[in-house]
file final-v7.txt (compact mmCIF, C-alpha atoms)
# COMPACT_ATOMS: atom_id res chain seq x y z
CA MET A 165 86.61 78.35 114.48
CA SER A 166 89.22 77.98 117.16
CA ASP A 167 89.33 80.13 120.29
CA ALA A 168 92.48 81.88 119.09
CA ALA A 169 90.73 83.20 115.96
CA LYS A 170 88.05 85.11 117.93
CA PRO A 171 88.27 88.86 117.36
CA PRO A 172 89.47 90.67 120.49
CA ARG A 173 86.63 92.73 121.99
CA GLY A 174 87.10 95.72 124.28
CA ARG A 175 90.57 94.72 125.34
CA PRO A 176 92.37 97.16 127.65
CA LEU A 177 94.92 99.33 125.87
CA SER A 178 98.09 100.58 127.53
CA PRO A 179 98.25 104.37 127.97
CA HIS A 180 99.75 106.03 124.91
CA LEU A 181 101.44 109.34 123.98
CA GLN A 182 98.49 111.68 124.52
CA VAL A 183 97.94 110.83 128.18
CA TRP A 184 101.50 111.46 129.32
CA ARG A 185 102.94 114.80 130.41
CA TRP A 186 106.01 115.70 128.35
CA HIS A 187 109.22 114.56 130.00
CA ILE A 188 112.91 114.49 129.10
CA THR A 189 113.17 110.69 129.40
CA MET A 190 110.31 110.49 126.88
CA ALA A 191 112.25 112.80 124.56
CA THR A 192 115.35 110.57 124.82
CA SER A 193 113.28 107.51 123.93
CA ILE A 194 111.66 109.15 120.89
CA ALA A 195 114.99 110.65 119.79
CA HIS A 196 116.69 107.24 120.02
CA ARG A 197 114.23 105.78 117.56
CA ALA A 198 114.27 108.82 115.27
CA THR A 199 118.09 108.93 115.15
CA GLY A 200 118.15 105.18 114.54
CA VAL A 201 115.97 105.62 111.47
CA ALA A 202 118.16 108.54 110.32
CA LEU A 203 121.28 106.39 110.72
CA TYR A 204 119.60 103.69 108.62
CA VAL A 205 119.65 106.20 105.76
CA GLY A 206 123.20 107.15 106.77
CA ALA A 207 124.33 103.52 106.45
CA LEU A 208 122.87 103.40 102.95
CA ILE A 209 124.92 106.52 102.13
CA GLY A 210 127.94 104.67 103.57
CA ALA A 211 127.21 101.71 101.28
CA ALA A 212 127.00 104.13 98.34
CA TRP A 213 130.46 105.41 99.33
CA ALA A 214 131.92 101.87 99.21
CA ILE A 215 130.24 101.11 95.88
CA SER A 216 131.45 104.37 94.31
CA LEU A 217 135.00 103.62 95.49
CA ALA A 218 134.88 100.18 93.84
CA ARG A 219 133.46 101.68 90.63
CA GLY A 220 136.46 103.92 90.10
CA PRO A 221 137.72 107.54 90.23
CA GLU A 222 134.82 109.08 88.30
CA ALA A 223 132.05 107.53 90.39
CA TYR A 224 134.02 108.40 93.55
CA ALA A 225 134.42 112.03 92.45
CA THR A 226 130.65 112.24 91.80
CA PHE A 227 129.93 110.82 95.25
CA LYS A 228 132.31 113.25 96.96
CA HIS A 229 130.86 116.13 94.96
CA LEU A 230 127.33 115.23 96.15
CA LEU A 231 128.36 114.93 99.81
CA GLY A 232 130.46 118.09 99.59
CA SER A 233 127.51 120.17 98.35
CA PRO A 234 125.64 122.37 100.86
CA LEU A 235 122.80 119.82 101.03
CA GLY A 236 125.30 116.97 101.41
CA LYS A 237 127.01 118.78 104.28
CA LEU A 238 123.65 119.42 105.95
CA VAL A 239 122.86 115.70 105.70
CA MET A 240 126.29 114.81 107.10
CA PHE A 241 125.80 117.27 109.97
CA GLY A 242 122.42 115.71 110.80
CA LEU A 243 123.99 112.26 110.66
CA THR A 244 126.80 113.38 112.99
CA VAL A 245 124.28 114.59 115.59
CA SER A 246 122.22 111.42 115.13
CA PHE A 247 125.27 109.19 115.45
CA PHE A 248 126.62 110.72 118.66
CA TYR A 249 123.15 110.84 120.19
CA HIS A 250 122.38 107.22 119.28
CA LEU A 251 125.83 106.14 120.51
CA ALA A 252 125.50 107.84 123.90
CA ASN A 253 121.90 106.82 124.45
CA GLY A 254 122.74 103.30 123.27
CA VAL A 255 125.43 103.06 125.97
CA ARG A 256 122.79 104.37 128.43
CA HIS A 257 120.53 101.50 127.34
CA LEU A 258 123.36 99.00 127.82
CA VAL A 259 123.87 100.31 131.37
CA TRP A 260 120.13 99.95 132.00
CA ASP A 261 120.37 96.35 130.78
CA THR A 262 122.67 95.63 133.72
CA GLY A 263 119.88 96.90 136.02
CA LYS A 264 121.63 100.15 136.96
CA GLY A 265 120.55 103.78 136.49
CA LEU A 266 116.83 103.09 136.16
CA ASP A 267 115.63 105.31 139.03
CA VAL A 268 113.92 108.57 138.00
CA LYS A 269 116.64 110.91 139.27
CA THR A 270 119.48 109.09 137.49
CA ALA A 271 117.45 108.60 134.30
CA ASN A 272 116.72 112.35 134.17
CA ALA A 273 120.38 113.24 134.77
CA THR A 274 121.65 110.83 132.11
CA SER A 275 119.06 112.23 129.65
CA VAL A 276 120.65 115.68 129.94
CA LEU A 277 124.11 114.11 129.75
CA VAL A 278 123.27 112.25 126.54
CA PHE A 279 121.93 115.37 124.79
CA ALA A 280 124.95 117.39 125.98
CA PHE A 281 127.36 114.71 124.73
CA ALA A 282 125.72 114.61 121.31
CA ALA A 283 126.03 118.40 120.97
CA ALA A 284 129.63 118.57 122.24
CA ALA A 285 130.89 115.63 120.18
CA THR A 286 129.27 116.99 117.02
CA VAL A 287 130.91 120.39 117.49
CA ALA A 288 134.25 118.69 118.21
CA VAL A 289 134.15 116.49 115.10
CA TRP A 290 133.15 119.36 112.81
CA ALA A 291 135.89 121.50 114.32
CA ILE A 292 138.40 118.72 113.59
CA ALA A 293 136.95 118.41 110.07
CA ALA A 294 137.43 122.15 109.51
CA MET A 295 141.00 122.03 110.83
CA THR A 296 142.06 118.98 108.80
CA GLY A 297 140.61 120.25 105.54
CA ALA A 298 137.84 117.64 105.44
CA LEU A 299 135.09 120.18 104.76
CA MET B 41 80.12 78.58 120.84
CA VAL B 42 80.99 75.82 123.26
CA SER B 43 84.56 74.66 123.23
CA TYR B 44 85.37 71.14 124.37
CA ARG B 45 89.07 71.84 124.51
CA THR B 46 90.66 71.71 127.95
CA PRO B 47 92.41 74.81 129.33
CA LEU B 48 95.74 72.99 128.94
CA GLY B 49 94.94 72.15 125.29
CA ARG B 50 94.23 75.82 124.56
CA ALA B 51 97.42 77.01 126.24
CA ARG B 52 99.77 74.57 124.53
CA GLY B 53 102.00 76.00 121.84
CA LEU B 54 101.31 79.62 122.85
CA GLY B 55 104.30 80.04 125.14
CA SER B 56 107.86 81.15 124.64
CA ALA B 57 109.74 79.89 121.58
CA LYS B 58 112.77 79.37 123.89
CA HIS B 59 115.20 81.47 121.88
CA GLY B 60 114.35 84.96 123.19
CA VAL B 61 117.35 85.19 125.52
CA GLY B 62 119.88 84.29 122.82
CA HIS B 63 118.32 86.90 120.51
CA TRP B 64 118.38 89.54 123.27
CA ILE B 65 122.02 88.84 124.13
CA SER B 66 123.14 88.87 120.47
CA GLU B 67 121.50 92.30 119.99
CA ARG B 68 123.49 93.65 122.97
CA VAL B 69 126.77 92.07 121.86
CA GLY B 70 126.31 93.62 118.39
CA ALA B 71 125.63 97.03 119.98
CA ILE B 72 128.75 96.74 122.17
CA ALA B 73 130.89 95.85 119.15
CA LEU B 74 129.57 98.92 117.31
CA VAL B 75 130.80 101.33 120.01
CA PRO B 76 134.53 101.06 119.11
CA LEU B 77 133.86 100.25 115.43
CA THR B 78 131.71 103.32 114.77
CA LEU B 79 134.10 105.63 116.66
CA TRP B 80 136.90 104.30 114.46
CA GLY B 81 134.56 104.89 111.51
CA VAL B 82 134.16 108.58 112.41
CA PHE B 83 137.91 109.10 112.19
CA GLY B 84 137.90 107.11 108.96
CA VAL B 85 135.29 109.46 107.47
CA LEU B 86 137.30 112.52 108.57
CA ARG B 87 140.38 111.10 106.89
CA LEU B 88 138.56 110.09 103.72
CA ALA B 89 136.79 113.45 103.44
CA ALA B 90 140.16 115.25 103.45
CA GLY B 91 141.64 113.01 100.73
CA ASP B 92 140.96 112.06 97.12
CA TYR B 93 140.28 108.76 95.34
CA GLY B 94 143.90 107.59 95.51
CA ALA B 95 144.08 108.29 99.24
CA ALA B 96 140.83 106.35 99.80
CA VAL B 97 142.11 103.33 97.85
CA ALA B 98 145.41 103.40 99.75
CA TRP B 99 143.57 103.68 103.07
CA ILE B 100 141.18 100.80 102.42
CA SER B 101 144.05 98.66 101.02
CA ASP B 102 145.55 98.52 104.51
CA PRO B 103 144.46 95.10 105.87
CA LEU B 104 143.49 96.51 109.28
CA ASN B 105 141.31 99.22 107.73
CA ALA B 106 139.73 96.78 105.27
CA VAL B 107 138.84 94.25 107.99
CA LEU B 108 137.54 96.88 110.41
CA MET B 109 135.45 98.40 107.60
CA VAL B 110 133.95 95.01 106.67
CA LEU B 111 133.12 94.33 110.33
CA LEU B 112 131.65 97.83 110.72
CA ILE B 113 129.44 97.34 107.65
CA ALA B 114 128.31 93.79 108.54
CA ILE B 115 127.46 94.55 112.18
CA SER B 116 125.90 97.94 111.37
CA PHE B 117 123.56 96.49 108.74
CA TRP B 118 122.60 93.64 111.03
CA HIS B 119 121.98 96.08 113.93
CA MET B 120 119.89 98.44 111.80
CA HIS B 121 117.89 95.55 110.42
CA SER B 122 116.98 94.53 113.99
CA GLY B 123 116.13 98.12 114.91
CA MET B 124 113.96 98.82 111.88
CA ARG B 125 112.23 95.48 112.39
CA VAL B 126 111.12 96.56 115.87
CA VAL B 127 109.91 99.92 114.50
CA ILE B 128 107.83 98.17 111.81
CA GLU B 129 106.40 95.65 114.30
CA ASP B 130 105.46 98.49 116.67
CA TYR B 131 103.60 100.68 114.17
CA ILE B 132 102.29 98.48 111.35
CA HIS B 133 99.53 96.10 112.38
CA VAL B 134 98.03 95.03 109.05
CA THR B 135 99.58 91.61 108.43
CA LEU B 136 100.15 92.04 104.69
CA ASN B 137 101.72 95.52 105.02
CA LYS B 138 103.79 94.41 107.99
CA SER B 139 105.09 91.33 106.19
CA ALA B 140 105.89 93.34 103.06
CA LEU B 141 107.83 95.95 105.04
CA LEU B 142 109.70 93.33 107.09
CA ILE B 143 110.77 91.57 103.89
CA LEU B 144 111.72 94.90 102.28
CA ASN B 145 113.78 95.80 105.37
CA LEU B 146 115.62 92.48 105.19
CA PHE B 147 116.25 92.76 101.45
CA VAL B 148 117.44 96.38 101.62
CA CYS B 149 119.84 95.64 104.50
CA GLY B 150 121.04 92.40 102.91
CA LEU B 151 121.59 93.90 99.45
CA ALA B 152 123.21 97.17 100.57
CA GLY B 153 125.37 95.35 103.14
CA ALA B 154 126.53 92.71 100.65
CA LEU B 155 127.28 95.34 97.98
CA ALA B 156 129.28 97.42 100.45
CA VAL B 157 131.29 94.43 101.76
CA PHE B 158 132.03 93.19 98.24
CA SER B 159 133.09 96.70 97.16
CA ILE B 160 135.50 97.06 100.10
CA LEU B 161 137.02 93.63 99.41
CA LYS B 162 137.36 94.39 95.69
CA VAL B 163 139.28 97.61 96.39
CA ALA B 164 141.32 96.10 99.25
CA LEU B 165 142.35 93.12 97.12
CA GLY B 166 143.48 95.41 94.33
CA GLY B 167 140.61 95.00 91.88
CA ALA B 168 139.94 98.73 91.55

call {"tool": "encode", "arguments": {"input": "final-v7.txt", "output": "structure tokens"}}
result
Amino acid sequence: MSDAAKPPRGRPLSPHLQVWRWHITMATSIAHRATGVALYVGALIGAAWAISLARGPEAYATFKHLLGSPLGKLVMFGLTVSFFYHLANGVRHLVWDTGKGLDVKTANATSVLVFAFAAAATVAVWAIAAMTGAL
Amino acid sequence: MVSYRTPLGRARGLGSAKHGVGHWISERVGAIALVPLTLWGVFGVLRLAAGDYGAAVAWISDPLNAVLMVLLIAISFWHMHSGMRVVIEDYIHVTLNKSALLILNLFVCGLAGALAVFSILKVALGGA
């Protein structure tokens, strides 16, 4: 048995969810992951769109009927929120990668900004959708 | 158990694989490319939602739209594969389950991405 195969005994664990006080930066981190997983499903819906288009008018009409149903619209609304949130927070991550905006005060402020952007952009896009007859 | 291996012998081969930086940079470059591509995609969806089958075929037959859509699909599926991979690696610690999910993630992204790209090309090239 090599040294590497020894079972780890009593190794220190890093503090996890239950020991931290709730904080907005924590919420942004969790939401980034959750919206990413939601957008994974959204991308599969996007692939289904492309496939239905290639299959012809009937398949495309079925796809549009499904997405145009109340449940389909609810899913699309959730995906819109998820997209704009993940986009804004993703840009926030890219800024962090340059080493900027990592202090507590700025990170808190950009958390609020990211949530506000997601809400505003979602409302804007659905307003445009309503005006252009996309609903 | 007494080990006769030297400290250096035990440490060898356990270090960096030397391609972490390239991987890290490629993840960021993919994310940067998705900023304009996905915003363009939102307006594409708005346009497509307002039109019928014929309008969608006409829209995707435009070379610019077809190419942007293929890039959007390819980079999105690659990005989401990387993201889901990290999620699986963070939460699943049983080797067999982890391996199965990582392979499933790769296959789902690869299959759905390839189907979507092929479908766009088929329509854009006039096959539909």

call {"tool": "closest_residue", "arguments": {"input": "final-v7.txt", "among": "B:Gly53, B:Gly84, B:Leu142, B:Leu104", "to": "Asp130 in chain B", "atoms": "only C-alpha atoms"}}
result
B:Leu142

call {"tool": "residues_around", "arguments": {"input": "final-v7.txt", "residues": "Ala71 in chain B", "least_positions_apart": "2", "cutoff": "9 Å", "atoms": "only C-alpha atoms", "output": "VMD selection string"}}
result
(chain A and resid 254 to 255 258) or (chain B and resid 66 to 69 73 to 75 115 to 116 119)

call {"tool": "write_last_selection", "arguments": {"input": "final-v7.txt", "atoms": "C-alpha atoms", "output": "mmCIF file, in the frame of the given file"}}
result
data_model
loop_
_atom_site.group_PDB
_atom_site.id
_atom_site.type_symbol
_atom_site.label_atom_id
_atom_site.label_comp_id
_atom_site.auth_asym_id
_atom_site.auth_seq_id
_atom_site.Cartn_x
_atom_site.Cartn_y
_atom_site.Cartn_z
ATOM 1 C CA GLY A 254 122.740 103.300 123.270
ATOM 2 C CA VAL A 255 125.430 103.060 125.970
ATOM 3 C CA LEU A 258 123.360 99.000 127.820
ATOM 4 C CA SER B 66 123.140 88.870 120.470
ATOM 5 C CA GLU B 67 121.500 92.300 119.990
ATOM 6 C CA ARG B 68 123.490 93.650 122.970
ATOM 7 C CA VAL B 69 126.770 92.070 121.860
ATOM 8 C CA ALA B 73 130.890 95.850 119.150
ATOM 9 C CA LEU B 74 129.570 98.920 117.310
ATOM 10 C CA VAL B 75 130.800 101.330 120.010
ATOM 11 C CA ILE B 115 127.460 94.550 112.180
ATOM 12 C CA SER B 116 125.900 97.940 111.370
ATOM 13 C CA HIS B 119 121.980 96.080 113.930
#

call {"tool": "interface_residues", "arguments": {"input": "final-v7.txt", "of": "chain A", "to": "chain B", "cutoff": "10 Å", "atoms": "only C-alpha atoms", "output": "PyMOL selection string"}}
result
chain A and resi 165-168+197-198+200-201+203-205+207-225+228+231-232+244+247-248+251-252+254-255+257-258+261+289-290+292-294+296-299

call {"tool": "atom_distance", "arguments": {"input": "final-v7.txt", "atom1": "CA of Phe147 in chain B", "atom2": "CA of Glu129 in chain B"}}
result
16.4 Å

call {"tool": "atom_distance", "arguments": {"input": "final-v7.txt", "atom1": "CA of Arg185 in chain A", "atom2": "CA of Val245 in chain A"}}
result
26.0 Å

call {"tool": "atom_distance", "arguments": {"input": "final-v7.txt", "atom1": "CA of Phe227 in chain A", "atom2": "CA of Leu165 in chain B"}}
result
21.7 Å

call {"tool": "axis_aligned_box", "arguments": {"input": "final-v7.txt", "around": "range 125-136 of chain B", "padding_each_side": "5 Å", "output": "lines of an AutoDock Vina configuration file"}}
result
center_x = 105.1
center_y = 96.1
center_z = 110.7
size_x = 24.2
size_y = 19.1
size_z = 22.0
